[in-house]
file structure22.tsv (TSV, C-alpha atoms)
chain	number	residue	atom	x	y	z
A	7	MET	CA	21.35	-43.04	40.88
A	8	ALA	CA	23.23	-40.79	38.49
A	9	ALA	CA	21.82	-37.35	37.79
A	10	PRO	CA	20.26	-36.93	34.32
A	11	MET	CA	22.60	-35.39	31.79
A	12	ILE	CA	19.85	-33.00	30.66
A	13	ASP	CA	17.88	-30.90	33.10
A	14	PRO	CA	14.19	-31.94	32.71
A	15	GLU	CA	13.18	-28.32	33.25
A	16	LEU	CA	14.84	-27.41	29.97
A	17	PHE	CA	12.01	-28.87	27.92
A	18	ASP	CA	9.37	-27.52	30.28
A	19	GLN	CA	10.80	-24.05	29.65
A	20	LEU	CA	10.88	-24.64	25.91
A	21	ARG	CA	7.29	-25.85	25.94
A	22	ALA	CA	6.20	-22.73	27.82
A	23	LYS	CA	7.98	-20.52	25.28
A	24	ILE	CA	6.40	-22.36	22.37
A	25	GLU	CA	2.95	-22.04	23.91
A	26	HIS	CA	3.51	-18.33	24.54
A	27	ASP	CA	4.66	-17.86	20.95
A	28	THR	CA	1.57	-19.69	19.70
A	29	VAL	CA	-0.69	-17.34	21.66
A	30	ILE	CA	1.05	-14.32	20.13
A	31	ARG	CA	0.77	-15.69	16.59
A	32	LYS	CA	-2.92	-16.49	16.98
A	33	GLU	CA	-3.66	-12.99	18.26
A	34	LEU	CA	-1.71	-11.49	15.38
A	35	ASP	CA	-3.63	-13.67	12.93
A	36	LYS	CA	-6.91	-12.30	14.31
A	37	ILE	CA	-5.76	-8.67	14.16
A	38	VAL	CA	-4.34	-9.02	10.65
A	39	ASP	CA	-7.49	-10.79	9.47
A	40	ASP	CA	-9.57	-7.82	10.68
A	41	LEU	CA	-7.24	-5.46	8.82
A	42	SER	CA	-7.40	-7.63	5.69
A	43	GLN	CA	-11.21	-7.47	5.71
A	44	ALA	CA	-11.11	-3.69	6.02
A	45	VAL	CA	-8.61	-3.44	3.17
A	46	SER	CA	-10.69	-5.73	0.96
A	47	TYR	CA	-13.77	-3.59	1.59
A	48	THR	CA	-11.88	-0.42	0.65
A	49	GLN	CA	-10.39	-2.06	-2.44
A	50	GLY	CA	-13.88	-3.05	-3.52
A	51	LEU	CA	-15.02	0.57	-3.31
A	52	LEU	CA	-11.91	1.76	-5.13
A	53	SER	CA	-12.63	-0.63	-7.99
A	54	ARG	CA	-15.67	1.50	-8.80
A	55	ILE	CA	-13.42	4.29	-10.10
A	56	HIS	CA	-13.13	2.35	-13.35
A	57	SER	CA	-16.81	2.85	-14.09
A	58	THR	CA	-17.42	6.13	-12.28
A	59	PRO	CA	-17.12	9.52	-14.03
A	60	ARG	CA	-14.82	11.92	-12.19
A	61	SER	CA	-17.78	14.21	-11.65
A	62	LYS	CA	-19.14	11.53	-9.30
A	63	TYR	CA	-15.94	11.16	-7.26
A	64	SER	CA	-17.33	13.58	-4.69
A	65	THR	CA	-19.87	10.90	-3.79
A	66	LEU	CA	-17.56	7.89	-4.08
A	67	LEU	CA	-14.47	9.20	-2.25
A	68	PRO	CA	-16.19	9.80	1.12
A	69	GLN	CA	-17.35	6.17	1.07
A	70	ILE	CA	-13.80	5.03	0.38
A	71	GLU	CA	-12.47	7.19	3.19
A	72	GLU	CA	-14.88	5.53	5.62
A	73	GLY	CA	-13.24	2.24	4.70
A	74	ILE	CA	-9.81	3.78	5.26
A	75	LYS	CA	-10.88	4.93	8.72
A	76	LYS	CA	-11.49	1.28	9.60
A	77	GLU	CA	-8.06	0.38	8.22
A	78	ILE	CA	-6.48	3.08	10.39
A	79	GLU	CA	-8.24	1.68	13.44
A	80	ASN	CA	-7.04	-1.84	12.67
A	81	VAL	CA	-3.46	-0.70	12.03
A	82	GLY	CA	-3.54	1.08	15.38
A	83	THR	CA	-4.59	-2.15	17.10
A	84	LEU	CA	-1.86	-4.03	15.25
A	85	ALA	CA	0.79	-1.46	16.16
A	86	THR	CA	-0.13	-1.54	19.84
A	87	PHE	CA	0.04	-5.32	20.07
A	88	ALA	CA	2.97	-5.91	17.71
A	89	SER	CA	5.16	-3.33	19.45
A	90	GLN	CA	5.16	-5.53	22.55
A	91	HIS	CA	7.07	-8.20	20.65
A	92	PRO	CA	10.16	-8.45	18.40
A	93	TYR	CA	9.33	-6.71	15.12
A	94	TYR	CA	11.36	-8.85	12.74
A	95	LYS	CA	10.18	-12.08	14.33
A	96	TYR	CA	6.55	-11.50	13.43
A	97	ASN	CA	6.39	-8.80	10.73
A	98	TYR	CA	5.98	-11.39	7.97
A	99	LYS	CA	2.42	-11.88	9.21
A	100	TRP	CA	1.27	-8.35	8.40
A	101	THR	CA	3.68	-6.94	5.81
A	102	ARG	CA	1.61	-7.66	2.69
A	103	THR	CA	-1.66	-6.55	4.27
A	104	VAL	CA	-0.14	-3.30	5.51
A	105	GLN	CA	1.28	-2.65	2.03
A	106	ASP	CA	-2.20	-3.14	0.58
A	107	ALA	CA	-3.59	-0.68	3.14
A	108	ILE	CA	-0.92	1.84	2.17
A	109	ALA	CA	-1.87	1.42	-1.47
A	110	THR	CA	-5.53	2.21	-0.76
A	111	VAL	CA	-4.54	5.46	0.93
A	112	LEU	CA	-2.08	6.44	-1.81
A	113	LEU	CA	-4.64	5.81	-4.54
A	114	THR	CA	-7.46	7.57	-2.69
A	115	VAL	CA	-5.41	10.71	-2.15
A	116	TRP	CA	-4.12	10.61	-5.73
A	117	LEU	CA	-7.74	10.63	-6.87
A	118	GLY	CA	-8.47	13.71	-4.78
A	119	GLY	CA	-9.46	12.20	-1.45
A	120	ARG	CA	-8.80	14.08	1.77
A	121	SER	CA	-7.37	11.21	3.81
A	122	ALA	CA	-4.24	13.20	4.59
A	123	GLU	CA	-5.63	16.73	4.43
A	124	SER	CA	-5.27	16.99	0.67
A	125	GLN	CA	-7.25	19.70	-1.07
A	126	VAL	CA	-10.70	18.60	-2.18
A	127	GLY	CA	-10.72	17.58	-5.81
A	128	GLU	CA	-6.94	17.78	-6.25
A	129	VAL	CA	-5.94	14.95	-8.57
A	130	GLY	CA	-2.39	13.62	-8.76
A	131	ARG	CA	-1.15	14.29	-5.24
A	132	LEU	CA	1.41	11.76	-4.00
A	133	LEU	CA	1.81	11.22	-0.29
A	134	LYS	CA	5.34	10.82	1.06
A	135	LEU	CA	6.40	8.07	3.46
A	136	GLU	CA	6.07	10.45	6.41
A	137	ASP	CA	2.55	11.41	5.29
A	138	ILE	CA	1.55	7.75	5.30
A	139	GLY	CA	2.88	7.41	8.83
A	140	GLN	CA	0.73	10.35	9.89
A	141	VAL	CA	-2.36	8.92	8.23
A	142	PHE	CA	-2.03	5.64	10.12
A	143	GLY	CA	-0.62	7.22	13.26
A	144	VAL	CA	2.46	4.97	13.36
A	145	PRO	CA	6.22	5.60	13.08
A	146	VAL	CA	8.09	5.06	9.84
A	147	ASN	CA	11.52	3.67	9.05
A	148	LEU	CA	12.54	3.04	12.67
A	149	LYS	CA	16.23	2.34	13.18
A	150	ASP	CA	16.74	2.61	16.93
A	151	GLN	CA	13.58	0.92	18.27
A	152	ASP	CA	12.23	-2.60	18.03
A	153	ALA	CA	8.61	-1.60	17.50
A	154	PHE	CA	5.93	-1.66	14.83
A	155	HIS	CA	6.57	0.77	11.98
A	156	ILE	CA	6.08	1.25	8.26
A	157	THR	CA	9.27	0.59	6.34
A	158	ILE	CA	10.54	2.27	3.19
A	159	GLU	CA	9.97	-1.04	1.39
A	160	ASP	CA	6.33	-1.12	2.58
A	161	TYR	CA	5.81	2.36	1.15
A	162	LEU	CA	7.51	1.62	-2.17
A	163	LEU	CA	5.62	-1.64	-2.69
A	164	GLY	CA	2.36	0.12	-1.86
A	165	LEU	CA	3.24	2.77	-4.40
A	166	ILE	CA	4.02	0.21	-7.09
A	167	ALA	CA	0.68	-1.48	-6.35
A	168	ILE	CA	-1.33	1.59	-7.43
A	169	VAL	CA	0.45	1.89	-10.78
A	170	GLU	CA	-1.41	-1.01	-12.39
A	171	ASP	CA	-4.73	0.41	-11.17
A	172	LEU	CA	-3.87	3.81	-12.61
A	173	SER	CA	-2.85	2.41	-16.00
A	174	ARG	CA	-6.17	0.58	-16.12
A	175	LEU	CA	-7.95	3.79	-15.11
A	176	ALA	CA	-6.23	5.62	-17.97
A	177	MET	CA	-7.90	3.26	-20.43
A	178	ASN	CA	-11.28	3.27	-18.72
A	179	SER	CA	-11.33	7.04	-18.27
A	180	VAL	CA	-11.13	7.45	-22.06
A	181	THR	CA	-14.25	5.30	-22.36
A	182	LEU	CA	-15.91	7.67	-19.90
A	183	GLY	CA	-14.78	10.67	-21.95
A	184	ASP	CA	-12.22	11.92	-19.40
A	185	TYR	CA	-9.11	12.45	-21.52
A	186	ASP	CA	-7.52	14.84	-19.04
A	187	ILE	CA	-6.99	12.24	-16.33
A	188	ALA	CA	-5.58	9.75	-18.84
A	189	VAL	CA	-2.84	12.24	-19.73
A	190	ARG	CA	-2.21	12.99	-16.05
A	191	ILE	CA	-1.84	9.29	-15.28
A	192	SER	CA	0.63	8.77	-18.11
A	193	SER	CA	2.77	11.68	-16.89
A	194	PHE	CA	2.62	10.46	-13.30
A	195	ILE	CA	3.67	6.90	-14.12
A	196	LYS	CA	6.44	8.23	-16.35
A	197	ASP	CA	7.81	10.38	-13.51
A	198	LEU	CA	7.43	7.51	-11.07
A	199	HIS	CA	9.32	5.13	-13.35
A	200	ALA	CA	12.13	7.66	-13.71
A	201	GLY	CA	12.26	8.09	-9.94
A	202	PHE	CA	12.61	4.38	-9.30
A	203	GLN	CA	15.55	4.24	-11.71
A	204	VAL	CA	17.69	6.35	-9.37
A	205	LEU	CA	17.09	4.06	-6.41
A	206	ASN	CA	19.77	1.50	-5.60
A	207	LEU	CA	17.38	-1.27	-4.63
A	208	LYS	CA	18.76	-4.21	-2.66
A	209	ASN	CA	15.42	-5.90	-2.05
A	210	ASP	CA	14.83	-8.66	-4.65
A	211	ILE	CA	11.05	-8.40	-4.39
A	212	LEU	CA	11.22	-4.66	-4.95
A	213	ARG	CA	13.48	-5.00	-7.97
A	214	LYS	CA	11.10	-7.48	-9.59
A	215	ARG	CA	8.05	-5.36	-8.85
A	216	VAL	CA	9.71	-2.23	-10.21
A	217	ASP	CA	10.04	-4.00	-13.56
A	218	SER	CA	6.25	-4.13	-13.78
A	219	ILE	CA	6.05	-0.33	-13.86
A	220	LYS	CA	7.43	-0.16	-17.39
A	221	TYR	CA	4.57	-2.34	-18.65
A	222	SER	CA	1.99	-0.13	-16.97
A	223	LEU	CA	3.75	2.90	-18.41
A	224	LYS	CA	3.57	1.41	-21.90
A	225	LYS	CA	-0.20	0.91	-21.52
A	226	ALA	CA	-0.73	4.49	-20.34
A	227	GLU	CA	1.49	5.92	-23.07
A	228	ASP	CA	-0.39	3.93	-25.71
A	229	VAL	CA	-3.63	5.49	-24.48
A	230	VAL	CA	-2.19	9.00	-24.75
A	231	TYR	CA	-0.70	8.27	-28.16
A	232	ASP	CA	-4.08	7.14	-29.42
A	233	LEU	CA	-5.67	10.31	-28.04
A	234	SER	CA	-3.05	12.43	-29.77
A	235	LEU	CA	-3.74	10.75	-33.10
A	236	ARG	CA	-7.39	11.64	-32.69
A	237	ASN	CA	-6.60	15.19	-31.50
A	238	LEU	CA	-8.38	14.52	-28.21
A	239	ILE	CA	-5.69	15.66	-25.79
A	240	PRO	CA	-6.90	18.75	-23.92
A	241	ALA	CA	-5.14	21.83	-25.31
A	242	LYS	CA	-3.96	22.95	-21.86
A	243	MET	CA	-2.06	19.67	-21.45
A	244	GLU	CA	-0.25	19.70	-24.76
A	245	GLU	CA	3.41	20.62	-24.58
call {"tool": "encode", "arguments": {"input": "structure22.tsv", "output": "structure tokens"}}
result
Amino acid sequence: MAAPMIDPELFDQLRAKIEHDTVIRKELDKIVDDLSQAVSYTQGLLSRIHSTPRSKYSTLLPQIEEGIKKEIENVGTLATFASQHPYYKYNYKWTRTVQDAIATVLLTVWLGGRSAESQVGEVGRLLKLEDIGQVFGVPVNLKDQDAFHITIEDYLLGLIAIVEDLSRLAMNSVTLGDYDIAVRISSFIKDLHAGFQVLNLKNDILRKRVDSIKYSLKKAEDVVYDLSLRNLIPAKMEE
């Protein structure tokens, strides 16, 4: 009897690899789902800034930071497991959720939170990519290791994500009588938009998302313009 042209063990090996890959994906799904729940909880708390006077941030921010602590824990679990496997094979499973987690930290610190040792009450502080890595306890922008890390793109997309929230806050803060923060937001988004213009972005998703900043900027600038017409801009902030 002639020997088979294809070794039967070939498909047994392939089946074993597929089953192993399935186990990895299911575990990642569970870990990412836990992170997603933590992020959603924190986002829910952050949504309260639109109806909370800044004088009450001292009560709200600690609650938000408790949510961020859970995110940090989940990202740590993800990093430990994901680093055992090829990064670019599986990173699509967690990229968006990690970007959302980054956004919650960026926004919290901008509002004066102490998630990355920022000074209490300091509004307008922007964390750098390296700061975000320290907050979550994971490496950033790895080039020589195939392990979990936060990429430059993750950071930039997280940063873009907070712009819409800030432009909305500019409008709502005026309703709450806080004209100062509306002006600060407008200046911040303006500087951010200018900064993105110097970047030579190759990522299509990033380029499209960057376009959204100009619309948020227009909203914030309209708020400030209206305040100026009504002579409501704080004197110390007028040029």
call {"tool": "atom_distance", "arguments": {"input": "structure22.tsv", "atom1": "CA of Thr114 in chain A", "atom2": "CA of Ser179 in chain A"}}
result
16.1 Å
call {"tool": "atom_distance", "arguments": {"input": "structure22.tsv", "atom1": "CA of His155 in chain A", "atom2": "CA of Leu133 in chain A"}}
result
16.8 Å
call {"tool": "residues_around", "arguments": {"input": "structure22.tsv", "residues": "Ala85 in chain A", "least_positions_apart": "3", "cutoff": "8 Å", "atoms": "all atoms listed in the file", "output": "PyMOL selection string"}}
result
chain A and resi 81-82+88-89+144+153-155
call {"tool": "closest_residue", "arguments": {"input": "structure22.tsv", "among": "A:Ile78, A:Ser61, A:Leu165, A:Leu135", "to": "Asn147 in chain A", "atoms": "all atoms listed in the file"}}
result
A:Leu135
call {"tool": "residues_around", "arguments": {"input": "structure22.tsv", "residues": "Lys36 in chain A", "least_positions_apart": "6", "cutoff": "12 Å", "atoms": "only C-alpha atoms", "output": "PyMOL selection string"}}
result
chain A and resi 29-30+42-43+80+83-84+87+99-100
call {"tool": "atom_distance", "arguments": {"input": "structure22.tsv", "atom1": "CA of Asp197 in chain A", "atom2": "CA of Lys214 in chain A"}}
result
18.6 Å
call {"tool": "closest_residue", "arguments": {"input": "structure22.tsv", "among": "A:Ile55, A:Leu162, A:Leu132, A:Leu212", "to": "Met177 in chain A", "atoms": "all atoms listed in the file"}}
result
A:Ile55
call {"tool": "residues_around", "arguments": {"input": "structure22.tsv", "residues": "Ala167 in chain A", "least_positions_apart": "2", "cutoff": "10 Å", "atoms": "only C-alpha atoms", "output": "CSV table (one decimal) with C-alpha atoms, in the coordinates of the input"}}
result
chain,number,residue,atom,x,y,z
A,105,GLN,CA,1.3,-2.6,2.0
A,106,ASP,CA,-2.2,-3.1,0.6
A,108,ILE,CA,-0.9,1.8,2.2
A,109,ALA,CA,-1.9,1.4,-1.5
A,110,THR,CA,-5.5,2.2,-0.8
A,112,LEU,CA,-2.1,6.4,-1.8
A,113,LEU,CA,-4.6,5.8,-4.5
A,161,TYR,CA,5.8,2.4,1.2
A,162,LEU,CA,7.5,1.6,-2.2
A,163,LEU,CA,5.6,-1.6,-2.7
A,164,GLY,CA,2.4,0.1,-1.9
A,165,LEU,CA,3.2,2.8,-4.4
A,169,VAL,CA,0.4,1.9,-10.8
A,170,GLU,CA,-1.4,-1.0,-12.4
A,171,ASP,CA,-4.7,0.4,-11.2
A,172,LEU,CA,-3.9,3.8,-12.6
A,215,ARG,CA,8.0,-5.4,-8.8
A,216,VAL,CA,9.7,-2.2,-10.2
A,218,SER,CA,6.2,-4.1,-13.8
A,219,ILE,CA,6.0,-0.3,-13.9
call {"tool": "closest_residue", "arguments": {"input": "structure22.tsv", "among": "A:Leu223, A:Val141, A:Val38, A:Leu198", "to": "Val104 in chain A", "atoms": "all atoms listed in the file"}}
result
A:Val38
call {"tool": "closest_residue", "arguments": {"input": "structure22.tsv", "among": "A:Ala44, A:Val229, A:Met11, A:Leu117", "to": "Tyr63 in chain A", "atoms": "all atoms listed in the file"}}
result
A:Leu117
